[in-house]
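Input: a single structure, listed below in structure tokens.
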Amino acid sequence: MPRNWLLLFLLCLMVLIACDFCWIQDCSDAEEEEYACSECNFQLTALTQAYNQKEWRDLSCCLSDQFTFYFNPADSIYVSFTFPDLQLDRDQELDILKNMFENAPSISLTLSGDRVMSYSGDPTGESKLLPRSYDLTVFLADGVGYRIGGECHFVVAPEDGTYKIVQWQDLSSSSASIIKEDGIRDVENDKSWGYVKWIFR
């Protein structure tokens, strides 16, 4: 009988050790996922700061070498003559933003949201989808500008030891306020973040 109790005790001890090991592994995975999420959000914070400070070189550090910006299809009436595939690659994006940052007297950008989701377009599971709401105001040189709000999707993926923005899809659906420095002047439909970029092409 004592031998049976000893075997039972050893068996229970082994089960407890195994469960404890699994719990430690689960915590480790959770920490890695949380770290990855922090890295994802960091790039969007850096993008927002680059817009507000009009530093296109800082923004270039956020973009992957494989970066693509996708215009809202609603902008095709304007954009398709210049960009028939309704896309911008990394060099085109940076050229436009450099022109915008150097010529727009004032830019204000706010991104809202903190969701980090798996991205079905990457079978490795490393890429993450970050849906965000935005509020963007860009004044032009003549004191007239646009205030636009809407939705956009960012996809980030590991590159050179950190997450970088691989895709940026404009999903704007709200109207744009055409504004003067002394207030709102008019409202136009179907204007988007991509449209403002197109102005500075």
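Just remember, in the structure tokens the first chain shown is A, the second B, etc., residues are 1-based per chain, and ligands are 1-based in the order shown.
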
Show me, as an MDAnalysis selection string, the residues that have an atom within 7 Å of stretch 100-104 of chain A when counting only C-alpha atoms, minus same-chain residues fewer than 2 positions from it. chainID A and resid 54:56 96:98 106:107 138:141 200

Hey, what's within 7 Å of A:Leu136 if we count only C-alpha atoms and toss same-chain stuff fewer than 2 positions away? As a PyMOL selection string, please? chain A and resi 108-110+134+138+147-149

Selection export as a tab-separated table (two decimals), in the first residue's frame, atoms kept: all heavy atoms:
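Result written to again_12.tsv:
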```
chain	number	residue	atom	x	y	z
A	108	SER	N	-2.81	68.68	-39.80
A	108	SER	CA	-3.17	68.10	-38.51
A	108	SER	C	-3.80	66.73	-38.75
A	108	SER	O	-4.76	66.61	-39.51
A	108	SER	CB	-4.16	69.00	-37.77
A	108	SER	OG	-4.60	68.39	-36.57
A	109	LEU	N	-3.25	65.70	-38.11
A	109	LEU	CA	-3.75	64.34	-38.28
A	109	LEU	C	-3.97	63.68	-36.93
A	109	LEU	O	-3.13	63.78	-36.03
A	109	LEU	CB	-2.74	63.50	-39.08
A	109	LEU	CG	-3.03	61.99	-39.16
A	109	LEU	CD1	-4.34	61.71	-39.89
A	109	LEU	CD2	-1.87	61.25	-39.82
A	110	THR	N	-5.11	63.02	-36.80
A	110	THR	CA	-5.40	62.19	-35.63
A	110	THR	C	-5.86	60.82	-36.10
A	110	THR	O	-6.74	60.72	-36.96
A	110	THR	CB	-6.51	62.81	-34.76
A	110	THR	OG1	-6.11	64.11	-34.32
A	110	THR	CG2	-6.78	61.94	-33.54
A	134	TYR	N	-9.72	58.19	-38.88
A	134	TYR	CA	-8.80	59.32	-38.93
A	134	TYR	C	-9.54	60.64	-39.11
A	134	TYR	O	-10.68	60.69	-39.59
A	134	TYR	CB	-7.78	59.15	-40.07
A	134	TYR	CG	-8.34	59.32	-41.46
A	134	TYR	CD1	-8.43	60.58	-42.05
A	134	TYR	CD2	-8.75	58.22	-42.20
A	134	TYR	CE1	-8.94	60.74	-43.33
A	134	TYR	CE2	-9.26	58.37	-43.48
A	134	TYR	CZ	-9.35	59.63	-44.04
A	134	TYR	OH	-9.87	59.79	-45.30
A	138	VAL	N	-5.72	69.60	-43.88
A	138	VAL	CA	-4.57	70.09	-44.65
A	138	VAL	C	-4.93	71.43	-45.26
A	138	VAL	O	-5.88	71.53	-46.04
A	138	VAL	CB	-4.17	69.10	-45.77
A	138	VAL	CG1	-3.00	69.65	-46.57
A	138	VAL	CG2	-3.82	67.74	-45.19
A	147	ARG	N	-10.76	69.38	-44.62
A	147	ARG	CA	-10.84	68.57	-43.41
A	147	ARG	C	-11.63	67.32	-43.76
A	147	ARG	O	-12.79	67.40	-44.19
A	147	ARG	CB	-11.52	69.31	-42.26
A	147	ARG	CG	-11.56	68.44	-41.00
A	147	ARG	CD	-12.15	69.15	-39.81
A	147	ARG	NE	-12.10	68.28	-38.64
A	147	ARG	CZ	-12.60	68.61	-37.45
A	147	ARG	NH1	-13.19	69.78	-37.28
A	147	ARG	NH2	-12.51	67.75	-36.45
A	148	ILE	N	-11.00	66.16	-43.58
A	148	ILE	CA	-11.56	64.90	-44.03
A	148	ILE	C	-11.51	63.89	-42.88
A	148	ILE	O	-10.53	63.82	-42.15
A	148	ILE	CB	-10.76	64.34	-45.23
A	148	ILE	CG1	-10.84	65.32	-46.40
A	148	ILE	CG2	-11.27	62.98	-45.65
A	148	ILE	CD1	-9.91	65.00	-47.52
A	149	GLY	N	-12.58	63.14	-42.74
A	149	GLY	CA	-12.61	62.06	-41.77
A	149	GLY	C	-13.06	60.78	-42.43
A	149	GLY	O	-13.82	60.81	-43.40
```

Excluding same-chain residues fewer than 4 positions from A:Tyr78, what lies within 12 Å of it counting only C-alpha atoms, as a list in words? Phe71, Asn72, Pro73, Ala74, Thr82, Phe83, Pro84, Leu86, Asp190, Lys191, Ser192, Gly194, Tyr195, Val196, Lys197, Trp198, Ile199 and Arg201 of chain A

Based on the selection just made, write N, CA and C atoms of those residues as a PDB file, in the first residue's frame.
```pdb
ATOM      1  N   PHE A  71      -5.776  53.695 -53.308  1.00  0.00           N
ATOM      2  CA  PHE A  71      -6.782  54.747 -53.323  1.00  0.00           C
ATOM      3  C   PHE A  71      -8.174  54.153 -53.132  1.00  0.00           C
ATOM      4  N   ASN A  72      -9.060  54.972 -52.598  1.00  0.00           N
ATOM      5  CA  ASN A  72     -10.472  54.614 -52.561  1.00  0.00           C
ATOM      6  C   ASN A  72     -10.998  54.587 -54.000  1.00  0.00           C
ATOM      7  N   PRO A  73     -11.689  53.520 -54.411  1.00  0.00           N
ATOM      8  CA  PRO A  73     -12.223  53.474 -55.782  1.00  0.00           C
ATOM      9  C   PRO A  73     -13.101  54.671 -56.132  1.00  0.00           C
ATOM     10  N   ALA A  74     -13.701  55.306 -55.121  1.00  0.00           N
ATOM     11  CA  ALA A  74     -14.532  56.486 -55.385  1.00  0.00           C
ATOM     12  C   ALA A  74     -13.719  57.637 -55.961  1.00  0.00           C
ATOM     13  N   THR A  82      -3.887  59.765 -63.625  1.00  0.00           N
ATOM     14  CA  THR A  82      -2.494  59.851 -63.181  1.00  0.00           C
ATOM     15  C   THR A  82      -1.973  58.511 -62.691  1.00  0.00           C
ATOM     16  N   PHE A  83      -2.818  57.787 -61.964  1.00  0.00           N
ATOM     17  CA  PHE A  83      -2.440  56.483 -61.408  1.00  0.00           C
ATOM     18  C   PHE A  83      -3.513  55.469 -61.808  1.00  0.00           C
ATOM     19  N   PRO A  84      -3.421  54.930 -63.017  1.00  0.00           N
ATOM     20  CA  PRO A  84      -4.500  54.080 -63.550  1.00  0.00           C
ATOM     21  C   PRO A  84      -4.775  52.823 -62.729  1.00  0.00           C
ATOM     22  N   LEU A  86      -4.749  52.820 -59.523  1.00  0.00           N
ATOM     23  CA  LEU A  86      -5.255  53.316 -58.232  1.00  0.00           C
ATOM     24  C   LEU A  86      -4.354  52.903 -57.075  1.00  0.00           C
ATOM     25  N   ASP A 190     -17.386  62.639 -51.476  1.00  0.00           N
ATOM     26  CA  ASP A 190     -16.431  61.750 -52.146  1.00  0.00           C
ATOM     27  C   ASP A 190     -15.015  62.306 -52.194  1.00  0.00           C
ATOM     28  N   LYS A 191     -14.627  63.053 -51.188  1.00  0.00           N
ATOM     29  CA  LYS A 191     -13.236  63.469 -51.067  1.00  0.00           C
ATOM     30  C   LYS A 191     -12.602  62.646 -49.954  1.00  0.00           C
ATOM     31  N   SER A 192     -11.345  62.319 -50.121  1.00  0.00           N
ATOM     32  CA  SER A 192     -10.727  61.341 -49.238  1.00  0.00           C
ATOM     33  C   SER A 192      -9.278  61.714 -48.971  1.00  0.00           C
ATOM     34  N   GLY A 194      -6.822  59.962 -49.986  1.00  0.00           N
ATOM     35  CA  GLY A 194      -6.161  59.770 -51.271  1.00  0.00           C
ATOM     36  C   GLY A 194      -6.317  60.971 -52.190  1.00  0.00           C
ATOM     37  N   TYR A 195      -7.482  61.609 -52.142  1.00  0.00           N
ATOM     38  CA  TYR A 195      -7.705  62.794 -52.970  1.00  0.00           C
ATOM     39  C   TYR A 195      -6.749  63.915 -52.572  1.00  0.00           C
ATOM     40  N   VAL A 196      -6.565  64.103 -51.265  1.00  0.00           N
ATOM     41  CA  VAL A 196      -5.634  65.138 -50.804  1.00  0.00           C
ATOM     42  C   VAL A 196      -4.216  64.815 -51.271  1.00  0.00           C
ATOM     43  N   LYS A 197      -3.842  63.555 -51.221  1.00  0.00           N
ATOM     44  CA  LYS A 197      -2.525  63.170 -51.748  1.00  0.00           C
ATOM     45  C   LYS A 197      -2.429  63.489 -53.237  1.00  0.00           C
ATOM     46  N   TRP A 198      -3.495  63.193 -53.950  1.00  0.00           N
ATOM     47  CA  TRP A 198      -3.504  63.415 -55.399  1.00  0.00           C
ATOM     48  C   TRP A 198      -3.291  64.892 -55.732  1.00  0.00           C
ATOM     49  N   ILE A 199      -3.814  65.786 -54.898  1.00  0.00           N
ATOM     50  CA  ILE A 199      -3.624  67.223 -55.117  1.00  0.00           C
ATOM     51  C   ILE A 199      -2.137  67.571 -55.151  1.00  0.00           C
ATOM     52  N   ARG A 201       0.400  65.631 -56.046  1.00  0.00           N
ATOM     53  CA  ARG A 201       1.154  64.678 -56.879  1.00  0.00           C
ATOM     54  C   ARG A 201       2.279  65.372 -57.647  1.00  0.00           C
TER      55      ARG A 201
END
```

Can you measure atom CA of A:Asp122 to atom CA of A:Leu44 for me? One decimal in Å is fine. 19.9 Å

Spatial neighbours of A:Leu63, max dist 9 Å, only C-alpha atoms, sep filter under 2 positions, as a ChimeraX atom specification: /A:43,59-61,65-67,90,156,164-167

For N, CA and C atoms, I'd like the residues from the last selection saved as an mmCIF file, in the first residue's frame.
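Written file, result-v1.cif:
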```
data_model
loop_
_atom_site.group_PDB
_atom_site.id
_atom_site.type_symbol
_atom_site.label_atom_id
_atom_site.label_comp_id
_atom_site.auth_asym_id
_atom_site.auth_seq_id
_atom_site.Cartn_x
_atom_site.Cartn_y
_atom_site.Cartn_z
ATOM 1 N N GLN A 43 4.468 52.247 -35.172
ATOM 2 C CA GLN A 43 4.641 52.801 -36.512
ATOM 3 C C GLN A 43 3.530 53.791 -36.857
ATOM 4 N N LEU A 59 8.697 59.788 -41.807
ATOM 5 C CA LEU A 59 7.651 58.896 -42.285
ATOM 6 C C LEU A 59 8.233 57.781 -43.150
ATOM 7 N N SER A 60 9.291 58.082 -43.880
ATOM 8 C CA SER A 60 9.888 57.064 -44.749
ATOM 9 C C SER A 60 10.389 55.867 -43.949
ATOM 10 N N CYS A 61 10.767 56.103 -42.692
ATOM 11 C CA CYS A 61 11.247 55.005 -41.845
ATOM 12 C C CYS A 61 10.123 54.052 -41.457
ATOM 13 N N ASP A 65 9.793 48.465 -47.757
ATOM 14 C CA ASP A 65 10.272 48.563 -49.139
ATOM 15 C C ASP A 65 9.200 48.096 -50.121
ATOM 16 N N GLN A 66 8.281 47.256 -49.648
ATOM 17 C CA GLN A 66 7.205 46.728 -50.492
ATOM 18 C C GLN A 66 5.902 47.506 -50.314
ATOM 19 N N PHE A 67 5.989 48.711 -49.795
ATOM 20 C CA PHE A 67 4.796 49.490 -49.451
ATOM 21 C C PHE A 67 3.915 49.778 -50.668
ATOM 22 N N ARG A 90 6.108 52.900 -52.883
ATOM 23 C CA ARG A 90 6.804 53.637 -51.820
ATOM 24 C C ARG A 90 7.402 54.949 -52.335
ATOM 25 N N VAL A 156 0.765 45.820 -41.376
ATOM 26 C CA VAL A 156 2.175 45.897 -41.000
ATOM 27 C C VAL A 156 2.762 44.496 -40.977
ATOM 28 N N LYS A 164 6.888 47.197 -40.108
ATOM 29 C CA LYS A 164 6.751 48.363 -40.971
ATOM 30 C C LYS A 164 5.439 48.277 -41.745
ATOM 31 N N ILE A 165 4.983 49.426 -42.226
ATOM 32 C CA ILE A 165 3.706 49.486 -42.937
ATOM 33 C C ILE A 165 3.901 48.968 -44.359
ATOM 34 N N VAL A 166 3.172 47.905 -44.680
ATOM 35 C CA VAL A 166 3.271 47.283 -46.002
ATOM 36 C C VAL A 166 2.143 47.760 -46.912
ATOM 37 N N GLN A 167 0.951 47.897 -46.349
ATOM 38 C CA GLN A 167 -0.209 48.347 -47.122
ATOM 39 C C GLN A 167 -0.962 49.421 -46.352
#
```

Would you kindly return, as number ranges by chain, each protein, DNA or RNA residue with an atom no farther than 7 Å from any atom of A:Leu171, considering only C-alpha atoms and excluding same-chain residues fewer than 2 positions away? A: 72, 150-152, 169, 173

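A straight line drawn from atom CA of A:Asp135 to atom CA of A:Ser112 is 8.5 Å long.
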
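In terms of minimum interatomic distance to A:Gln92, A:Tyr70 ranks closest within A:Tyr119, A:Thr124, A:Tyr70, A:His153, counting only C-alpha atoms.
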
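Each of A:Phe42, A:Tyr146, A:Cys62, A:Val79 was checked against A:Asp160 using only C-alpha atoms; the smallest atom-to-atom distance is that of A:Cys62.
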
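Nearest to A:Asp114 of all the residues A:Phe81, A:Trp168, A:Phe154, A:Tyr163 is A:Phe154, counting only C-alpha atoms.
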